[in-house]
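Asker: Encoded as structure tokens, here's the structure I'll be asking about.
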2 protein chains.
Amino acid sequence: MKNRTVGILMYESVNELDFLGPYEVFANSDYIVRVPLFPPHVAIDPLQVDVRLIGKTRGTVTCEKGLRVEVPYSIDDCDNLDVLVVPGGSGVDAVSADAEVLAWIRRVARGCEWTTSVCNGLFILTAAGLTADKKVTTHWAALDALRGTGATGPVLEDVQFVRDGPLVSSAGVSAGIDMALWVIGQITTPARARLIQRTMQYDPAPPYTAEV
Amino acid sequence: MKNRTVGILMYESVNELDFLGPYEVFANSDYIVRVPLFPPHVAIDPLQVDVRLIGKTRGTVTCEKGLRVEVPYSIDDCDNLDVLVVPGGSGVDAVSADAEVLAWIRRVARGCEWTTSVCNGLFILTAAGLTADKKVTTHWAALDALRGTGATGPVLEDVQFVRDGPLVSSAGVSAGIDMALWVIGQITTPARARLIQRTMQYDPAPPYTAEV
């Protein structure tokens with residue numbers, strides 16, 4: 001199986017779980033090869049997935065809720081990606097106005113198998129011109145804004161993620177986990193995605209189930 | 001409502017989502033006050049929740065899959081916490097052998113409303129002597145080891161988290177999200193936990209549902 005490079009766009013005030021959910025999923029793609037969690041009869045094909053945090057420049061980014069994370073790659077370091085993940089967060093507007101970053105997104109997306117967004121990260125892809133006439137989704141609180149400004153295709157709600165061609169947009173924050181699991185299952189096999197899910201013990205059961 | 005301080009223990013090779021899931025949940029406790037996602041009729045009481053990443057020393061920690069995160073607090077900075085979160089990861093053994101960190105855990109846990117673990121972070125609490133005769137759980141792949149070595153009380157499996165008095169242990173990795181939502185619902189109200197869940201759009205739907 002061909003090794004892959006996954007790039008996650010990082011910027012000031014990116015939401016923490018928006019980027020970290022997909023990071024954990026994709027990083028587990030080869031972690032499950034290296035760490036023997038499963039019994040020997042579970043065959044796991046070798047696969048290296050290089051997950052890169054990529055900023056406009058290298059350095060340290062302060063996320064939306066204050067987490068400070070090192071960003072080891074700049075957009076100038078990364079011309080070829082197989083998967084691009086654009087997380088959301090309160091810093092989306094600044095990135096959506098940054099012509100240099102948008103040009104990089106357009107350029108790398110051309111070579112990507114999958115171009116993805118989490119939450120309102122979709123607005124960055126829209127600013128880059130990659131969502132025209134596409135079926136998309138975003139965080140529930142941003143659906144009206146999306147319909148009002150950026151979207152020229154159908155805006156879906158009450159879904160975890162939406163695929164339209166090589167574009168996959170997910171709903172808010174934690175929905176990026178479901179989206180990334182789906183993408184790795186498409187790149188590899190659903191069985192491998194299930195091993196990753198099992199490694200993350202992702203059997204979610206929110207404890208207070210009544211509606212707000 | 002009394003403001004709270006949540007401390008998350010950080011160490012070399014901590015699992016990324018183990019610590020970040022609870023971080024996101026607890027940090028949203030006051031984020032939802034500051035950011036108007038909900039319509040005005042949804043009353044949200046003011047509440048500050050100070051979420052601190054705490055290491056044996058301040059500095060930068062390299063997590064299990066390579067993420068590098070700044071840790072702004074040391075154990076010497078933090079004598080009083082309301083909630084302690086001990087995440088898991090491949091670095092658990094080293095921490096479990098660190099008498100200074102274990103002594104700190106014992107000391108702060110005495111003042112905590114809730115002492116919690118994610119994944120094999122439970123082994124650190126066990127090494128600190130805080131799980132004797134308690135009902136506990138951990139990552140599925142660590143259940144046998146837990147039964148063999150540390151546990152003197154019932155070890156539960158196939159549950160997202162287990163509460164025994166002020167001790168709450170959760171299953172692997174992403175189960176920390178469910179656990180943290182439950183804890184914040186106990187500290188505040190289930191309604192507030194639901195608002196946090198909604199903010200994180202945590203309506204999980206793993207995409208490949210067949211069993212491994």
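Each chain in the structure tokens gets a letter, A, B, ..., in the order shown, and its residues are numbered from 1; ligands are numbered from 1 in order too.
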Counting only C-alpha atoms, a student should be able to say which residues of chain B come within 6 Å of chain A; what is the right answer, written as a list in words?

Answerer: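 The answer, sorted by residue number, is Arg68, Val69, Glu70, Gly172, Val173, Ser174, Asp178, Trp182, Met200, Gln201, Tyr202, Pro206 and Pro207 of chain B.
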
Asker: For the selection you just gave me, I'd like the residues written to a file as a PDB file, in the first residue's frame, keeping N, CA and C atoms.

Answerer:
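This is the output file out_22.pdb:
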```pdb
ATOM      1  N   ARG B  68       3.965  18.180  19.688  1.00  0.00           N
ATOM      2  CA  ARG B  68       4.706  18.870  20.744  1.00  0.00           C
ATOM      3  C   ARG B  68       3.871  20.027  21.285  1.00  0.00           C
ATOM      4  N   VAL B  69       3.669  19.991  22.596  1.00  0.00           N
ATOM      5  CA  VAL B  69       2.722  20.880  23.265  1.00  0.00           C
ATOM      6  C   VAL B  69       3.418  21.590  24.414  1.00  0.00           C
ATOM      7  N   GLU B  70       3.135  22.863  24.545  1.00  0.00           N
ATOM      8  CA  GLU B  70       3.685  23.605  25.684  1.00  0.00           C
ATOM      9  C   GLU B  70       2.915  23.274  26.959  1.00  0.00           C
ATOM     10  N   GLY B 172     -10.479   3.584  26.867  1.00  0.00           N
ATOM     11  CA  GLY B 172      -9.373   4.114  26.083  1.00  0.00           C
ATOM     12  C   GLY B 172      -9.655   5.409  25.358  1.00  0.00           C
ATOM     13  N   VAL B 173      -8.671   6.249  25.300  1.00  0.00           N
ATOM     14  CA  VAL B 173      -8.495   7.387  24.412  1.00  0.00           C
ATOM     15  C   VAL B 173      -9.752   8.258  24.318  1.00  0.00           C
ATOM     16  N   SER B 174     -10.609   7.998  23.336  1.00  0.00           N
ATOM     17  CA  SER B 174     -11.742   8.887  23.099  1.00  0.00           C
ATOM     18  C   SER B 174     -12.804   8.782  24.185  1.00  0.00           C
ATOM     19  N   ASP B 178     -16.416  11.289  26.789  1.00  0.00           N
ATOM     20  CA  ASP B 178     -17.654  10.950  27.507  1.00  0.00           C
ATOM     21  C   ASP B 178     -17.491  11.161  29.006  1.00  0.00           C
ATOM     22  N   TRP B 182     -19.480  13.809  31.466  1.00  0.00           N
ATOM     23  CA  TRP B 182     -20.222  13.372  32.653  1.00  0.00           C
ATOM     24  C   TRP B 182     -19.777  14.177  33.879  1.00  0.00           C
ATOM     25  N   MET B 200     -19.591  21.213  20.833  1.00  0.00           N
ATOM     26  CA  MET B 200     -18.611  20.344  20.181  1.00  0.00           C
ATOM     27  C   MET B 200     -19.251  19.506  19.074  1.00  0.00           C
ATOM     28  N   GLN B 201     -20.530  19.730  18.863  1.00  0.00           N
ATOM     29  CA  GLN B 201     -21.324  18.936  17.911  1.00  0.00           C
ATOM     30  C   GLN B 201     -20.983  17.453  18.062  1.00  0.00           C
ATOM     31  N   TYR B 202     -21.051  17.023  19.306  1.00  0.00           N
ATOM     32  CA  TYR B 202     -20.665  15.646  19.620  1.00  0.00           C
ATOM     33  C   TYR B 202     -21.885  14.740  19.498  1.00  0.00           C
ATOM     34  N   PRO B 206     -19.654   6.743  14.271  1.00  0.00           N
ATOM     35  CA  PRO B 206     -18.534   6.076  13.590  1.00  0.00           C
ATOM     36  C   PRO B 206     -18.995   5.494  12.262  1.00  0.00           C
ATOM     37  N   PRO B 207     -18.241   5.725  11.193  1.00  0.00           N
ATOM     38  CA  PRO B 207     -18.758   5.440   9.848  1.00  0.00           C
ATOM     39  C   PRO B 207     -18.777   3.962   9.445  1.00  0.00           C
TER      40      PRO B 207
END
```

Asker: Check range 106-172 of chain B with DSSP on the backbone and list each residue it calls strand (DSSP E), as a list in words.

Answerer: Trp114, Thr115, Thr116, Ser117, Phe161, Val162, Arg163, Asp164, Leu167, Val168, Ser169 and Ser170 of chain B

Asker: Now that the selection is made, can you save its residues with C-alpha atoms as a PDB file, in the first residue's frame?

Answerer:
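The file below, again-v2.pdb, is the result:
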```
ATOM      1  CA  TRP B 114     -13.047  14.402  41.067  1.00  0.00           C
ATOM      2  CA  THR B 115      -9.896  12.447  40.358  1.00  0.00           C
ATOM      3  CA  THR B 116     -10.034  10.960  36.894  1.00  0.00           C
ATOM      4  CA  SER B 117      -8.067   8.858  34.449  1.00  0.00           C
ATOM      5  CA  PHE B 161     -16.214   5.119  32.308  1.00  0.00           C
ATOM      6  CA  VAL B 162     -16.687   3.928  35.870  1.00  0.00           C
ATOM      7  CA  ARG B 163     -17.287   6.035  38.929  1.00  0.00           C
ATOM      8  CA  ASP B 164     -16.403   4.911  42.438  1.00  0.00           C
ATOM      9  CA  LEU B 167     -12.647   8.431  41.338  1.00  0.00           C
ATOM     10  CA  VAL B 168     -13.711   8.222  37.707  1.00  0.00           C
ATOM     11  CA  SER B 169     -11.738   6.034  35.336  1.00  0.00           C
ATOM     12  CA  SER B 170     -12.502   5.883  31.654  1.00  0.00           C
TER      13      SER B 170
END
```

Asker: From the options B:Val33, B:Pro40, B:Ala109, B:Cys63, which residue's atoms come nearest to Gly7 in chain B, counting only C-alpha atoms?

Answerer: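 Closest to Gly7 in chain B, using only C-alpha atoms: B:Ala109.
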
Asker: When distances are computed from only C-alpha atoms, which of B:Ser13, B:Asn80, B:Thr188, B:Ser74 shows the smallest separation from Phe26 in chain B?

Answerer: B:Thr188

Asker: What is the distance between CA of Phe123 in chain B and CA of Asp93 in chain B, in Å to one decimal?

Answerer: 8.0 Å

Asker: Which distance in Å separates CA of Thr131 in chain A and CA of Thr57 in chain A, to one decimal?

Answerer: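 Computed distance, CA of Thr131 in chain A to CA of Thr57 in chain A, equals 25.1 Å.
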
Asker: Which residue is closest to Arg106 in chain B? Choose from B:Ala128, B:Val92, B:Val118, B:Leu156 and count only C-alpha atoms.

Answerer: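 Under the stated criterion, the closest residue is B:Ala128.
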
Asker: Write down as a list in words the residues belonging to range 19-64 of chain A that are assigned helix (DSSP H, G or I) by DSSP computed on the backbone.

Answerer: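 Selection result, helix (DSSP H, G or I) within range 19-64 of chain A: Phe19, Leu20, Gly21, Pro22, Tyr23, Glu24, Val25, Phe26, Ala27, Asn28, Ser29, Asp30, Tyr31, Ile32, Val33 and Arg34 of chain A.
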
Asker: I want to know what sits within 9 Å of Thr152 in chain A, based on only C-alpha atoms, with residues of the same chain fewer than 3 positions away left out; could you give that as a ChimeraX atom specification?

Answerer: /A:131-135,147,149,155

Asker: So that I can see what lies close to Leu143 in chain B, please list as an NGL selection string the residues with an atom at most 8 Å from it, counting only C-alpha atoms and leaving out residues fewer than 5 positions away in the same chain.

Answerer: :B and (137-138 or 155 or 157)

Asker: Distance CA of Gly55 in chain A-CA of Ile8 in chain A, one decimal place?

Answerer: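 The value is 8.4 Å.
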
Asker: Please provide the set of residues having any atom within 12 Å of Ala103 in chain B, restricted to only C-alpha atoms, with same-chain residues fewer than 6 positions apart removed, written as a list in words.

Answerer: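 Selected residues are Lys56, Ile75, Asp76, Asp79, Val95, Ser96, Ala97, Ala109, Arg110, Ile124, Leu125, Ala127, Ala128, Gly129 and Leu130 of chain B.
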